Amino acid sequence: MPSSFKLLHNEDILRKFRSEFVIPTYRQMKAGSVPDALQDEECTYLCGNSLGVMAKRSKELILEELDVWGTRAVEGHFDHPHGRDWVSIANHVHPLYAEIVGAEESEVACMGTLTANLHLMLDTFYKPTKDRYKVLCEAKAFPSDQYAFASQVTSHGLTPADAIIELSPRPGEFTLREEDILATIAEHGSSIALVLFSGVQYYTGQWFPMEKITKAAQAQGCICGWDLAHAVGNVPLSLHEWNVDFAVWCTYKYLNSGPGGIGGLFVHDRWSFQPVRAAGWWGHDPKTRFAMPPHFSAIPGAQGFQQSNPSALTTVSLLGSLQIFHEAGGMIPLRERSLKLTGYLEELLQRSQWWIPPHRVGQIQLQEDRGESHDDFGFTVITPSDPGSRGTQLSLVFVPLGGRTMPKVLKLLGDQGVVGDSRKPDVIRLAPAALYNTFEDVERAAAVLEDVLAVVKDKSN
């Protein structure tokens with residue numbers, strides 16, 4: 001059946017960037033059910049939402065830095081043979097960060113890790129008072145965010161149960177409704193100090209209406225920040241234009257910087273001279289940094305929050321991938337390809353004999369919560385069907401629920417070299433990344449899933 005999503009080979013002009021990346025083979029991913037004759041072909045890797053694949057350029061840059069370390073040693077800080085003096089190496093990333101997140105260069109910093117940067121931002125922007133002290137977030141936010149919120153409110157002598165408002169979907173639904181988020185902000189705004197959601201929710205793949213939430217929060221006098229771990233490099237962002245107060249992100253997912261890669265943060269330029277409460281020497285004015293003055297003089301903007309000199313190795317690993325984003329034209333053309341890839345995946349999944357409509361799975365969830373039985377078997381997608389409310393990721397829920405189906409499916413997919421990842425108890429996430437995945441990847445993933453579910457169903461009888 002023809003698809004309006006699948007691009008013809010000659011139409012798919014961004015396809016060429018796949019060759020810039022190293023895609024693991026079936027053999028390397030231990031896909032034991034793939035015929036031996038195919039073992040050295042590239043696997044079907046749809047897990048860029050968890051860890052992006054390696055850019056060949058990143059490897060080249062890392063090897064160059066190791067060579068400079070070995071041949072120039074300390075002199076590499078100020079006299080680098082490739083023009084990347086370590087003392088200013090993050091400055092090679094900042095303009096590319098600004099392109100990716102829609103910001104001024106002074107509003108972004110290449111530094112730290114997501115949770116460390118989140119604590120820096122909370123230390124700066126979460127200023128509870130007697131009447132305005134609450135934090136609004138989505139329920140079941142990524143655990144690291146939950147821990148950060150809880151530790152921050154506790155440090156101010158507050159209790160998380162009182163100070164943190166966690167907004168859940170309606171019964172039988174999987175994602176938050178925009179009207180419910182905005183209504184909560186309107187109702188509780190006078191007591192909310194900080195609104196902080198994920199840009200894209202890690203479990204469901206829902207892309208929250210960031211501009212509307214930011215505007216609504218600020219209209220109530222709240223600070224609005226964002227965790228962009230699953231949004232950066234995935235969806236187009238305009239943080240400056242949307243007037244976002246601050247944002248933090250990691251880079252090892254869609255930005256392909258490698259496991260544990262360096263992070264990033266954004267601080268809107270209207271906060272350029274906000275006092276830095278956890279100062280470090282790398283945030284000091286570079287004109288006088290090495291004069292070692294006793295008093296801190298912050299770089300205006302986000303880069304004033306830098307604490308220590310960044311790792312040259314993790315910085316260039318990120319740089320290699322960001323250069324490819326730039327050469328591909330940035331997030332607008334990549335988003336167009338992403339819409340095609342994810343739309344095609346959704347279309348193929350909905351054709352499956354095992355497809356269950358989302359509303360039915362919501363009913364099943366309520367039935368199982370009540371201890372009622374059912375005969376349903378299969379899967380649905382809980383990610384919003386509206387392309388404007390999602391990125392590349394689709395989150396598949398497998399029935400029967402409660403971890404009775406998903407782990408079996410995940411194991412068999414892996415045996416066939418289809419690499420997604422799971423979130424217990426019932427979700428497998430598949431994310432065709434626009435920089436390196438193909439329409440053939442999507443077709444193979446859907447076909448293998450169809451066969452795998454037939455096997456799981458047969459064994460359950």
# chains A, B, ... in the order shown; residues from 1 in each chain; ligands from 1
call {"tool": "residues_around", "arguments": {"residues": "Thr383 (chain A)", "least_positions_apart": "2", "cutoff": "9 Å", "atoms": "only C-alpha atoms", "output": "MDAnalysis selection string"}}
result
chainID A and resid 174:175 203:206 381 385:386 389:390 393:396
call {"tool": "closest_atom_pairs", "arguments": {"of": "region 293-380 of chain A", "to": "region 439-444 of chain A", "cutoff": "12 Å", "atoms": "only C-alpha atoms", "output": "Markdown table"}}
result
| residue | atom | partner | partner_atom | distance |
| --- | --- | --- | --- | --- |
| A:Arg337 | CA | A:Phe439 | CA | 10.1 |
| A:Ser338 | CA | A:Phe439 | CA | 10.5 |
| A:Leu339 | CA | A:Phe439 | CA | 11.7 |
| A:Lys340 | CA | A:Phe439 | CA | 8.7 |
| A:Leu341 | CA | A:Phe439 | CA | 6.3 |
| A:Thr342 | CA | A:Val442 | CA | 8.3 |
| A:Gly343 | CA | A:Val442 | CA | 10.0 |
| A:Tyr344 | CA | A:Val442 | CA | 7.3 |
| A:Leu345 | CA | A:Val442 | CA | 5.6 |
| A:Glu346 | CA | A:Val442 | CA | 9.4 |
| A:Glu347 | CA | A:Val442 | CA | 10.3 |
| A:Leu348 | CA | A:Glu443 | CA | 7.5 |
| A:Leu349 | CA | A:Glu443 | CA | 9.6 |
| A:Arg351 | CA | A:Glu443 | CA | 12.0 |
call {"tool": "closest_residue", "arguments": {"among": "A:Ile428, A:Met406, A:Ala447, A:Leu7", "to": "Ser352 (chain A)", "atoms": "only C-alpha atoms"}}
result
A:Ala447
call {"tool": "select_by_dssp", "arguments": {"residues": "region 266-410 of chain A", "states": "strand (DSSP E or B)", "output": "ChimeraX atom specification"}}
result
/A:266-267,284,298,355,378-381,390,394-399
call {"tool": "select_by_dssp", "arguments": {"residues": "region 101-315 of chain A", "states": "helix (DSSP H, G or I)", "output": "PyMOL selection string"}}
result
chain A and resi 101+105-107+114-125+143-155+160-163+178-191+210-219+269-271+281-283+289-291+302-305+312-315
call {"tool": "closest_residue", "arguments": {"among": "A:Leu182, A:Ser190, A:Val200, A:Trp354", "to": "Lys215 (chain A)", "atoms": "only C-alpha atoms"}}
result
A:Leu182
call {"tool": "residues_around", "arguments": {"residues": "region 313-327 of chain A", "least_positions_apart": "6", "cutoff": "10 Å", "atoms": "only C-alpha atoms", "output": "ChimeraX atom specification"}}
result
/A:17,20-21,52-66,84,86,89-97,99-100,110-111,233,251-252,254-263,334,435
call {"tool": "closest_residue", "arguments": {"among": "A:Gly330, A:Gly371, A:Gly189, A:Pro81", "to": "Val68 (chain A)", "atoms": "only C-alpha atoms"}}
result
A:Pro81
call {"tool": "closest_residue", "arguments": {"among": "A:Asp180, A:Gly70, A:Pro293, A:Ser191", "to": "Asp162 (chain A)", "atoms": "only C-alpha atoms"}}
result
A:Ser191
